[in-house]
file model36.pdb (PDB, C-alpha atoms)
ATOM      1  CA  MET A   1      51.847 225.907-174.278  1.00  0.00           C
ATOM      2  CA  ASP A   2      52.241 222.425-172.828  1.00  0.00           C
ATOM      3  CA  LEU A   3      51.329 221.371-169.300  1.00  0.00           C
ATOM      4  CA  GLU A   4      54.894 221.249-167.990  1.00  0.00           C
ATOM      5  CA  ALA A   5      55.608 224.793-169.137  1.00  0.00           C
ATOM      6  CA  ALA A   6      52.300 226.029-167.690  1.00  0.00           C
ATOM      7  CA  VAL A   7      53.098 224.422-164.333  1.00  0.00           C
ATOM      8  CA  ARG A   8      56.548 226.025-164.245  1.00  0.00           C
ATOM      9  CA  LYS A   9      55.226 229.417-165.288  1.00  0.00           C
ATOM     10  CA  HIS A  10      52.015 229.685-163.236  1.00  0.00           C
ATOM     11  CA  SER A  11      52.167 227.350-160.212  1.00  0.00           C
ATOM     12  CA  GLU A  12      53.694 229.899-157.806  1.00  0.00           C
ATOM     13  CA  MET A  13      51.110 232.523-158.753  1.00  0.00           C
ATOM     14  CA  LEU A  14      48.275 229.999-158.312  1.00  0.00           C
ATOM     15  CA  TYR A  15      49.741 228.912-154.981  1.00  0.00           C
ATOM     16  CA  ARG A  16      49.690 232.492-153.661  1.00  0.00           C
ATOM     17  CA  ILE A  17      46.090 232.994-154.753  1.00  0.00           C
ATOM     18  CA  CYS A  18      44.818 229.673-153.380  1.00  0.00           C
ATOM     19  CA  ILE A  19      46.628 229.874-150.033  1.00  0.00           C
ATOM     20  CA  VAL A  20      45.077 233.286-149.394  1.00  0.00           C
ATOM     21  CA  ILE A  21      41.601 231.982-150.226  1.00  0.00           C
ATOM     22  CA  LEU A  22      41.850 228.637-148.428  1.00  0.00           C
ATOM     23  CA  GLY A  23      44.383 229.137-145.643  1.00  0.00           C
ATOM     24  CA  SER A  24      45.357 225.462-145.771  1.00  0.00           C
ATOM     25  CA  GLU A  25      48.450 223.941-147.345  1.00  0.00           C
ATOM     26  CA  GLN A  26      46.780 220.628-148.244  1.00  0.00           C
ATOM     27  CA  ASP A  27      43.683 222.264-149.713  1.00  0.00           C
ATOM     28  CA  THR A  28      45.876 224.674-151.681  1.00  0.00           C
ATOM     29  CA  GLN A  29      47.874 221.816-153.174  1.00  0.00           C
ATOM     30  CA  ASP A  30      44.632 220.011-154.049  1.00  0.00           C
ATOM     31  CA  ALA A  31      43.232 223.120-155.746  1.00  0.00           C
ATOM     32  CA  ILE A  32      46.367 223.649-157.817  1.00  0.00           C
ATOM     33  CA  GLN A  33      46.523 219.989-158.798  1.00  0.00           C
ATOM     34  CA  GLU A  34      42.868 220.013-159.824  1.00  0.00           C
ATOM     35  CA  THR A  35      43.448 223.188-161.835  1.00  0.00           C
ATOM     36  CA  PHE A  36      46.235 221.580-163.843  1.00  0.00           C
ATOM     37  CA  CYS A  37      44.237 218.356-164.221  1.00  0.00           C
ATOM     38  CA  LYS A  38      41.422 220.421-165.723  1.00  0.00           C
ATOM     39  CA  TYR A  39      44.008 222.110-167.993  1.00  0.00           C
ATOM     40  CA  LEU A  40      45.186 218.703-169.177  1.00  0.00           C
ATOM     41  CA  GLU A  41      41.651 217.376-169.549  1.00  0.00           C
ATOM     42  CA  LYS A  42      40.136 220.354-171.422  1.00  0.00           C
ATOM     43  CA  LYS A  43      43.211 221.287-173.492  1.00  0.00           C
ATOM     44  CA  PRO A  44      41.895 224.819-174.043  1.00  0.00           C
ATOM     45  CA  LYS A  45      43.152 226.966-176.902  1.00  0.00           C
ATOM     46  CA  PHE A  46      44.405 230.353-175.752  1.00  0.00           C
ATOM     47  CA  VAL A  47      44.801 233.586-177.667  1.00  0.00           C
ATOM     48  CA  ASP A  48      47.911 234.571-175.709  1.00  0.00           C
ATOM     49  CA  GLY A  49      49.713 234.085-172.385  1.00  0.00           C
ATOM     50  CA  GLU A  50      47.391 236.465-170.531  1.00  0.00           C
ATOM     51  CA  HIS A  51      44.349 234.493-171.670  1.00  0.00           C
ATOM     52  CA  GLU A  52      45.949 231.304-170.361  1.00  0.00           C
ATOM     53  CA  LYS A  53      46.804 232.974-167.040  1.00  0.00           C
ATOM     54  CA  ALA A  54      43.253 234.323-166.643  1.00  0.00           C
ATOM     55  CA  TRP A  55      41.791 230.892-167.415  1.00  0.00           C
ATOM     56  CA  LEU A  56      44.011 229.194-164.827  1.00  0.00           C
ATOM     57  CA  ILE A  57      43.141 231.802-162.184  1.00  0.00           C
ATOM     58  CA  LYS A  58      39.415 231.402-162.862  1.00  0.00           C
ATOM     59  CA  VAL A  59      39.561 227.611-162.656  1.00  0.00           C
ATOM     60  CA  ALA A  60      41.672 227.724-159.470  1.00  0.00           C
ATOM     61  CA  THR A  61      39.414 230.230-157.694  1.00  0.00           C
ATOM     62  CA  ASN A  62      36.321 228.237-158.685  1.00  0.00           C
ATOM     63  CA  HIS A  63      37.889 225.110-157.240  1.00  0.00           C
ATOM     64  CA  CYS A  64      38.808 227.002-154.051  1.00  0.00           C
ATOM     65  CA  ARG A  65      35.154 228.002-153.690  1.00  0.00           C
ATOM     66  CA  ASP A  66      34.131 224.361-154.149  1.00  0.00           C
ATOM     67  CA  ILE A  67      36.526 223.330-151.372  1.00  0.00           C
ATOM     68  CA  GLN A  68      35.165 226.045-149.060  1.00  0.00           C
ATOM     69  CA  ARG A  69      31.603 224.985-149.830  1.00  0.00           C
ATOM     70  CA  PHE A  70      32.488 221.375-149.037  1.00  0.00           C
ATOM     71  CA  ARG A  71      34.141 222.404-145.738  1.00  0.00           C
ATOM     72  CA  PHE A  72      31.061 224.399-144.753  1.00  0.00           C
ATOM     73  CA  ARG A  73      28.700 221.527-145.545  1.00  0.00           C
ATOM     74  CA  HIS A  74      30.915 218.832-143.969  1.00  0.00           C
ATOM     75  CA  PRO A  75      32.505 220.236-140.802  1.00  0.00           C
ATOM     76  CA  LYS A  76      35.313 218.200-139.239  1.00  0.00           C
ATOM     77  CA  VAL A  77      35.174 216.786-135.723  1.00  0.00           C
ATOM     78  CA  PRO A  78      38.501 216.530-133.870  1.00  0.00           C
ATOM     79  CA  ILE A  79      39.491 212.940-133.043  1.00  0.00           C
ATOM     80  CA  ASP A  80      39.747 213.691-129.310  1.00  0.00           C
ATOM     81  CA  GLU A  81      36.158 214.953-129.320  1.00  0.00           C
ATOM     82  CA  LEU A  82      35.056 211.895-131.256  1.00  0.00           C
ATOM     83  CA  ALA A  83      36.669 209.529-128.757  1.00  0.00           C
ATOM     84  CA  GLY A  84      34.843 211.331-125.949  1.00  0.00           C
ATOM     85  CA  THR A  85      31.438 211.044-127.613  1.00  0.00           C
ATOM     86  CA  LEU A  86      31.681 207.379-128.633  1.00  0.00           C
ATOM     87  CA  VAL A  87      31.992 206.013-125.113  1.00  0.00           C
ATOM     88  CA  SER A  88      31.220 207.227-121.624  1.00  0.00           C
ATOM     89  CA  ARG A  89      33.756 205.458-119.374  1.00  0.00           C
ATOM     90  CA  GLN A  90      37.220 207.066-119.148  1.00  0.00           C
ATOM     91  CA  GLU A  91      38.933 203.692-119.603  1.00  0.00           C
ATOM     92  CA  ASP A  92      36.969 203.077-122.824  1.00  0.00           C
ATOM     93  CA  ARG A  93      37.815 206.575-124.117  1.00  0.00           C
ATOM     94  CA  GLU A  94      41.514 205.820-123.734  1.00  0.00           C
ATOM     95  CA  ALA A  95      41.053 202.569-125.658  1.00  0.00           C
ATOM     96  CA  VAL A  96      39.235 204.394-128.459  1.00  0.00           C
ATOM     97  CA  ARG A  97      41.977 207.040-128.588  1.00  0.00           C
ATOM     98  CA  GLU A  98      44.583 204.305-128.880  1.00  0.00           C
ATOM     99  CA  LEU A  99      42.547 202.609-131.603  1.00  0.00           C
ATOM    100  CA  LEU A 100      42.225 205.879-133.566  1.00  0.00           C
ATOM    101  CA  GLN A 101      46.023 206.259-133.535  1.00  0.00           C
ATOM    102  CA  MET A 102      46.606 202.930-135.261  1.00  0.00           C
ATOM    103  CA  PRO A 103      47.313 202.772-138.998  1.00  0.00           C
ATOM    104  CA  PRO A 104      44.017 202.641-140.959  1.00  0.00           C
ATOM    105  CA  ASN A 105      44.413 199.066-142.230  1.00  0.00           C
ATOM    106  CA  GLN A 106      45.216 197.771-138.734  1.00  0.00           C
ATOM    107  CA  ARG A 107      42.400 199.825-137.186  1.00  0.00           C
ATOM    108  CA  ALA A 108      39.882 198.391-139.666  1.00  0.00           C
ATOM    109  CA  VAL A 109      40.795 194.821-138.737  1.00  0.00           C
ATOM    110  CA  MET A 110      40.619 195.584-134.994  1.00  0.00           C
ATOM    111  CA  VAL A 111      37.196 197.223-135.292  1.00  0.00           C
ATOM    112  CA  LEU A 112      35.781 194.464-137.486  1.00  0.00           C
ATOM    113  CA  HIS A 113      37.004 191.746-135.103  1.00  0.00           C
ATOM    114  CA  TYR A 114      36.569 193.229-131.631  1.00  0.00           C
ATOM    115  CA  VAL A 115      33.733 195.698-132.134  1.00  0.00           C
ATOM    116  CA  GLU A 116      31.675 194.168-134.942  1.00  0.00           C
ATOM    117  CA  GLY A 117      32.426 190.543-134.010  1.00  0.00           C
ATOM    118  CA  TYR A 118      33.581 189.212-137.392  1.00  0.00           C
ATOM    119  CA  GLN A 119      35.809 186.143-137.588  1.00  0.00           C
ATOM    120  CA  VAL A 120      39.241 186.176-139.256  1.00  0.00           C
ATOM    121  CA  LYS A 121      37.978 184.441-142.414  1.00  0.00           C
ATOM    122  CA  GLU A 122      35.083 186.913-142.768  1.00  0.00           C
ATOM    123  CA  ILE A 123      37.391 189.917-142.294  1.00  0.00           C
ATOM    124  CA  ALA A 124      39.730 188.570-144.967  1.00  0.00           C
ATOM    125  CA  GLY A 125      36.792 188.357-147.376  1.00  0.00           C
ATOM    126  CA  ILE A 126      35.489 191.824-146.517  1.00  0.00           C
ATOM    127  CA  LEU A 127      38.868 193.544-146.880  1.00  0.00           C
ATOM    128  CA  GLY A 128      40.143 191.408-149.739  1.00  0.00           C
ATOM    129  CA  ILE A 129      43.301 190.302-147.904  1.00  0.00           C
ATOM    130  CA  THR A 130      44.612 186.942-146.756  1.00  0.00           C
ATOM    131  CA  GLU A 131      43.678 185.372-143.426  1.00  0.00           C
ATOM    132  CA  HIS A 132      47.350 185.513-142.487  1.00  0.00           C
ATOM    133  CA  ALA A 133      47.364 189.290-143.044  1.00  0.00           C
ATOM    134  CA  VAL A 134      44.285 189.631-140.811  1.00  0.00           C
ATOM    135  CA  LYS A 135      45.926 187.586-138.055  1.00  0.00           C
ATOM    136  CA  LYS A 136      49.138 189.607-138.299  1.00  0.00           C
ATOM    137  CA  ARG A 137      47.260 192.925-138.088  1.00  0.00           C
ATOM    138  CA  LEU A 138      45.301 191.672-135.081  1.00  0.00           C
ATOM    139  CA  GLN A 139      48.561 190.579-133.438  1.00  0.00           C
ATOM    140  CA  ARG A 140      50.159 193.984-134.042  1.00  0.00           C
ATOM    141  CA  GLY A 141      47.060 195.790-132.788  1.00  0.00           C
ATOM    142  CA  ARG A 142      46.968 193.746-129.576  1.00  0.00           C
ATOM    143  CA  GLU A 143      50.673 194.406-129.072  1.00  0.00           C
ATOM    144  CA  GLN A 144      50.139 198.137-129.509  1.00  0.00           C
ATOM    145  CA  PHE A 145      47.361 198.043-126.910  1.00  0.00           C
ATOM    146  CA  ARG A 146      49.545 196.045-124.507  1.00  0.00           C
ATOM    147  CA  THR A 147      52.388 198.527-124.874  1.00  0.00           C
ATOM    148  CA  ALA A 148      50.079 201.514-124.398  1.00  0.00           C
ATOM    149  CA  TRP A 149      48.452 200.034-121.281  1.00  0.00           C
ATOM    150  CA  LYS A 150      51.822 199.104-119.752  1.00  0.00           C
ATOM    151  CA  GLU A 151      53.055 202.666-120.225  1.00  0.00           C
ATOM    152  CA  GLU A 152      49.804 204.046-118.811  1.00  0.00           C
ATOM    153  CA  TYR A 153      49.748 201.924-115.651  1.00  0.00           C
ATOM    154  CA  CYS A 154      53.500 201.791-114.982  1.00  0.00           C
ATOM    155  CA  ARG A 155      53.830 205.552-114.571  1.00  0.00           C
TER     156      ARG A 155
END
call {"tool": "encode", "arguments": {"input": "model36.pdb", "output": "structure tokens"}}
result
Amino acid sequence: MDLEAAVRKHSEMLYRICIVILGSEQDTQDAIQETFCKYLEKKPKFVDGEHEKAWLIKVATNHCRDIQRFRFRHPKVPIDELAGTLVSRQEDREAVRELLQMPPNQRAVMVLHYVEGYQVKEIAGILGITEHAVKKRLQRGREQFRTAWKEEYCR
């Protein structure tokens, strides 16, 4: 059986199994995708359809256990908690929260410039982008801060 047919035939069944084990939509999708990647990579030979189904279930449940193990070893910290632990002053916490809400590429430029003290040319070299792109991201980041502070203090 080819990959496309296996996906059509078994993906719903694998979804039900993985969602029960993991309880997370994103992790379930990752587990199913990894299962079919392994199918494509290994190209196993099956005796019949039941053998194929059993193999897919085994691979999916093993991957679910790997995800659970990873979650246990690497617990997540909510962003709000993180903002509270990074700085002590309330005003600084609000700035960190605003920074954490920026798009990742813009946030990286803001942190490198304002927190780490790098110059525009150095940031461009570190991130592998043009100096113009760095300047534009800094401009957008400053504008986002201005807008957030105006809303905060004009209430």
call {"tool": "resolve_selection", "arguments": {"input": "model36.pdb", "expression": "the PyMOL selection byres ((chain A and resi 64) around 7)", "output": "list in words"}}
result
Cys18, Ile21, Leu22, Ala31, Ala60, Thr61, Asn62, His63, Arg65, Asp66, Ile67 and Gln68 of chain A
call {"tool": "residues_around", "arguments": {"input": "model36.pdb", "residues": "range 107-123 of chain A", "least_positions_apart": "2", "cutoff": "9 Å", "atoms": "all atoms listed in the file", "output": "CSV table (one decimal) with C-alpha atoms, in the frame of the given file"}}
result
chain,number,residue,atom,x,y,z
A,99,LEU,CA,42.5,202.6,-131.6
A,100,LEU,CA,42.2,205.9,-133.6
A,101,GLN,CA,46.0,206.3,-133.5
A,102,MET,CA,46.6,202.9,-135.3
A,103,PRO,CA,47.3,202.8,-139.0
A,104,PRO,CA,44.0,202.6,-141.0
A,105,ASN,CA,44.4,199.1,-142.2
A,125,GLY,CA,36.8,188.4,-147.4
A,126,ILE,CA,35.5,191.8,-146.5
A,127,LEU,CA,38.9,193.5,-146.9
A,128,GLY,CA,40.1,191.4,-149.7
A,129,ILE,CA,43.3,190.3,-147.9
A,130,THR,CA,44.6,186.9,-146.8
A,131,GLU,CA,43.7,185.4,-143.4
A,132,HIS,CA,47.4,185.5,-142.5
A,134,VAL,CA,44.3,189.6,-140.8
A,135,LYS,CA,45.9,187.6,-138.1
A,137,ARG,CA,47.3,192.9,-138.1
A,138,LEU,CA,45.3,191.7,-135.1
A,141,GLY,CA,47.1,195.8,-132.8
A,142,ARG,CA,47.0,193.7,-129.6
call {"tool": "residues_around", "arguments": {"input": "model36.pdb", "residues": "Glu4 in chain A", "least_positions_apart": "4", "cutoff": "10 Å", "atoms": "all atoms listed in the file", "output": "PDB file with C-alpha atoms, in the coordinates of the input"}}
result
ATOM      1  CA  ARG A   8      56.548 226.025-164.245  1.00  0.00           C
ATOM      2  CA  LYS A   9      55.226 229.417-165.288  1.00  0.00           C
ATOM      3  CA  PHE A  36      46.235 221.580-163.843  1.00  0.00           C
TER       4      PHE A  36
END
call {"tool": "atom_distance", "arguments": {"input": "model36.pdb", "atom1": "CA of Ser24 in chain A", "atom2": "CA of Lys58 in chain A"}}
result
19.0 Å
call {"tool": "closest_residue", "arguments": {"input": "model36.pdb", "among": "A:Arg146, A:Ile32, A:Val7, A:Tyr39", "to": "Ile19 in chain A", "atoms": "all atoms listed in the file"}}
result
A:Ile32
call {"tool": "closest_residue", "arguments": {"input": "model36.pdb", "among": "A:Gln29, A:Thr147, A:Val59, A:Gln106", "to": "Ala133 in chain A", "atoms": "all atoms listed in the file"}}
result
A:Gln106
call {"tool": "residues_near_point", "arguments": {"input": "model36.pdb", "point": "(50.7, 226.3, -174.7)", "cutoff": "9 Å", "atoms": "all atoms listed in the file", "output": "NGL selection string"}}
result
:A and (1-3 or 5-6 or 44-46 or 48-49 or 52)
call {"tool": "atom_distance", "arguments": {"input": "model36.pdb", "atom1": "CA of Leu14 in chain A", "atom2": "CA of Leu56 in chain A"}}
result
7.8 Å
call {"tool": "atom_distance", "arguments": {"input": "model36.pdb", "atom1": "CA of Ala148 in chain A", "atom2": "CA of Lys136 in chain A"}}
result
18.3 Å
call {"tool": "closest_residue", "arguments": {"input": "model36.pdb", "among": "A:His10, A:Asp30, A:Glu25, A:Gln144", "to": "Trp55 in chain A", "atoms": "all atoms listed in the file"}}
result
A:His10
call {"tool": "build_atoms", "arguments": {"input": "model36.pdb", "residues": "range 45-56 of chain A", "atoms": "all heavy atoms", "output": "PDB file, in the coordinates of the input"}}
result
ATOM      1  N   LYS A  45      42.341 226.183-175.960  1.00  0.00           N
ATOM      2  CA  LYS A  45      43.152 226.966-176.902  1.00  0.00           C
ATOM      3  C   LYS A  45      43.124 228.416-176.429  1.00  0.00           C
ATOM      4  O   LYS A  45      42.055 228.986-176.217  1.00  0.00           O
ATOM      5  CB  LYS A  45      42.582 226.878-178.321  1.00  0.00           C
ATOM      6  CG  LYS A  45      42.497 225.472-178.857  1.00  0.00           C
ATOM      7  CD  LYS A  45      43.860 224.886-179.099  1.00  0.00           C
ATOM      8  CE  LYS A  45      43.732 223.497-179.683  1.00  0.00           C
ATOM      9  NZ  LYS A  45      44.802 222.626-179.344  1.00  0.00           N
ATOM     10  N   PHE A  46      44.315 228.996-176.264  1.00  0.00           N
ATOM     11  CA  PHE A  46      44.405 230.353-175.752  1.00  0.00           C
ATOM     12  C   PHE A  46      44.891 231.306-176.831  1.00  0.00           C
ATOM     13  O   PHE A  46      45.708 230.947-177.673  1.00  0.00           O
ATOM     14  CB  PHE A  46      45.368 230.406-174.561  1.00  0.00           C
ATOM     15  CG  PHE A  46      44.958 229.514-173.426  1.00  0.00           C
ATOM     16  CD1 PHE A  46      45.690 228.376-173.100  1.00  0.00           C
ATOM     17  CD2 PHE A  46      43.831 229.802-172.671  1.00  0.00           C
ATOM     18  CE1 PHE A  46      45.311 227.551-172.064  1.00  0.00           C
ATOM     19  CE2 PHE A  46      43.441 228.982-171.629  1.00  0.00           C
ATOM     20  CZ  PHE A  46      44.180 227.856-171.321  1.00  0.00           C
ATOM     21  N   VAL A  47      44.403 232.543-176.731  1.00  0.00           N
ATOM     22  CA  VAL A  47      44.801 233.586-177.667  1.00  0.00           C
ATOM     23  C   VAL A  47      46.243 234.001-177.387  1.00  0.00           C
ATOM     24  O   VAL A  47      47.041 234.160-178.306  1.00  0.00           O
ATOM     25  CB  VAL A  47      43.849 234.810-177.552  1.00  0.00           C
ATOM     26  CG1 VAL A  47      44.286 235.927-178.482  1.00  0.00           C
ATOM     27  CG2 VAL A  47      42.422 234.393-177.819  1.00  0.00           C
ATOM     28  N   ASP A  48      46.556 234.172-176.107  1.00  0.00           N
ATOM     29  CA  ASP A  48      47.911 234.571-175.709  1.00  0.00           C
ATOM     30  C   ASP A  48      48.167 234.113-174.269  1.00  0.00           C
ATOM     31  O   ASP A  48      47.326 233.448-173.658  1.00  0.00           O
ATOM     32  CB  ASP A  48      48.099 236.085-175.853  1.00  0.00           C
ATOM     33  CG  ASP A  48      47.105 236.890-175.018  1.00  0.00           C
ATOM     34  OD1 ASP A  48      46.386 236.311-174.187  1.00  0.00           O
ATOM     35  OD2 ASP A  48      47.063 238.118-175.203  1.00  0.00           O
ATOM     36  N   GLY A  49      49.322 234.477-173.733  1.00  0.00           N
ATOM     37  CA  GLY A  49      49.713 234.085-172.385  1.00  0.00           C
ATOM     38  C   GLY A  49      48.802 234.647-171.301  1.00  0.00           C
ATOM     39  O   GLY A  49      48.546 234.002-170.285  1.00  0.00           O
ATOM     40  N   GLU A  50      48.295 235.856-171.515  1.00  0.00           N
ATOM     41  CA  GLU A  50      47.391 236.465-170.531  1.00  0.00           C
ATOM     42  C   GLU A  50      46.055 235.733-170.478  1.00  0.00           C
ATOM     43  O   GLU A  50      45.459 235.592-169.417  1.00  0.00           O
ATOM     44  CB  GLU A  50      47.175 237.949-170.853  1.00  0.00           C
ATOM     45  CG  GLU A  50      48.345 238.830-170.468  1.00  0.00           C
ATOM     46  CD  GLU A  50      48.703 238.742-168.987  1.00  0.00           C
ATOM     47  OE1 GLU A  50      47.803 238.885-168.130  1.00  0.00           O
ATOM     48  OE2 GLU A  50      49.897 238.519-168.692  1.00  0.00           O
ATOM     49  N   HIS A  51      45.590 235.262-171.613  1.00  0.00           N
ATOM     50  CA  HIS A  51      44.349 234.493-171.670  1.00  0.00           C
ATOM     51  C   HIS A  51      44.516 233.187-170.892  1.00  0.00           C
ATOM     52  O   HIS A  51      43.634 232.779-170.127  1.00  0.00           O
ATOM     53  CB  HIS A  51      43.968 234.236-173.129  1.00  0.00           C
ATOM     54  CG  HIS A  51      42.689 233.488-173.296  1.00  0.00           C
ATOM     55  ND1 HIS A  51      42.511 232.555-174.281  1.00  0.00           N
ATOM     56  CD2 HIS A  51      41.510 233.539-172.616  1.00  0.00           C
ATOM     57  CE1 HIS A  51      41.289 232.049-174.186  1.00  0.00           C
ATOM     58  NE2 HIS A  51      40.669 232.636-173.188  1.00  0.00           N
ATOM     59  N   GLU A  52      45.656 232.535-171.080  1.00  0.00           N
ATOM     60  CA  GLU A  52      45.949 231.304-170.361  1.00  0.00           C
ATOM     61  C   GLU A  52      45.993 231.561-168.858  1.00  0.00           C
ATOM     62  O   GLU A  52      45.398 230.825-168.073  1.00  0.00           O
ATOM     63  CB  GLU A  52      47.291 230.722-170.829  1.00  0.00           C
ATOM     64  CG  GLU A  52      47.693 229.472-170.078  1.00  0.00           C
ATOM     65  CD  GLU A  52      49.052 228.977-170.492  1.00  0.00           C
ATOM     66  OE1 GLU A  52      50.007 229.797-170.533  1.00  0.00           O
ATOM     67  OE2 GLU A  52      49.168 227.771-170.759  1.00  0.00           O
ATOM     68  N   LYS A  53      46.688 232.619-168.453  1.00  0.00           N
ATOM     69  CA  LYS A  53      46.804 232.974-167.040  1.00  0.00           C
ATOM     70  C   LYS A  53      45.424 233.248-166.435  1.00  0.00           C
ATOM     71  O   LYS A  53      45.104 232.749-165.352  1.00  0.00           O
ATOM     72  CB  LYS A  53      47.704 234.207-166.899  1.00  0.00           C
ATOM     73  CG  LYS A  53      47.939 234.649-165.480  1.00  0.00           C
ATOM     74  CD  LYS A  53      48.872 235.850-165.473  1.00  0.00           C
ATOM     75  CE  LYS A  53      49.057 236.396-164.073  1.00  0.00           C
ATOM     76  NZ  LYS A  53      49.931 237.573-164.064  1.00  0.00           N
ATOM     77  N   ALA A  54      44.602 234.001-167.130  1.00  0.00           N
ATOM     78  CA  ALA A  54      43.253 234.323-166.643  1.00  0.00           C
ATOM     79  C   ALA A  54      42.412 233.057-166.502  1.00  0.00           C
ATOM     80  O   ALA A  54      41.671 232.892-165.522  1.00  0.00           O
ATOM     81  CB  ALA A  54      42.574 235.313-167.585  1.00  0.00           C
ATOM     82  N   TRP A  55      42.534 232.145-167.472  1.00  0.00           N
ATOM     83  CA  TRP A  55      41.791 230.892-167.415  1.00  0.00           C
ATOM     84  C   TRP A  55      42.212 230.070-166.201  1.00  0.00           C
ATOM     85  O   TRP A  55      41.366 229.551-165.470  1.00  0.00           O
ATOM     86  CB  TRP A  55      42.018 230.105-168.716  1.00  0.00           C
ATOM     87  CG  TRP A  55      41.170 228.875-168.831  1.00  0.00           C
ATOM     88  CD1 TRP A  55      39.935 228.785-169.380  1.00  0.00           C
ATOM     89  CD2 TRP A  55      41.519 227.539-168.402  1.00  0.00           C
ATOM     90  NE1 TRP A  55      39.484 227.496-169.309  1.00  0.00           N
ATOM     91  CE2 TRP A  55      40.435 226.709-168.711  1.00  0.00           C
ATOM     92  CE3 TRP A  55      42.636 226.985-167.776  1.00  0.00           C
ATOM     93  CZ2 TRP A  55      40.428 225.343-168.427  1.00  0.00           C
ATOM     94  CZ3 TRP A  55      42.635 225.625-167.492  1.00  0.00           C
ATOM     95  CH2 TRP A  55      41.549 224.822-167.817  1.00  0.00           C
ATOM     96  N   LEU A  56      43.505 229.948-165.977  1.00  0.00           N
ATOM     97  CA  LEU A  56      44.011 229.194-164.827  1.00  0.00           C
ATOM     98  C   LEU A  56      43.549 229.812-163.509  1.00  0.00           C
ATOM     99  O   LEU A  56      43.151 229.095-162.579  1.00  0.00           O
ATOM    100  CB  LEU A  56      45.539 229.111-164.874  1.00  0.00           C
ATOM    101  CG  LEU A  56      46.114 228.188-165.949  1.00  0.00           C
ATOM    102  CD1 LEU A  56      47.613 228.422-166.098  1.00  0.00           C
ATOM    103  CD2 LEU A  56      45.819 226.733-165.633  1.00  0.00           C
TER     104      LEU A  56
END
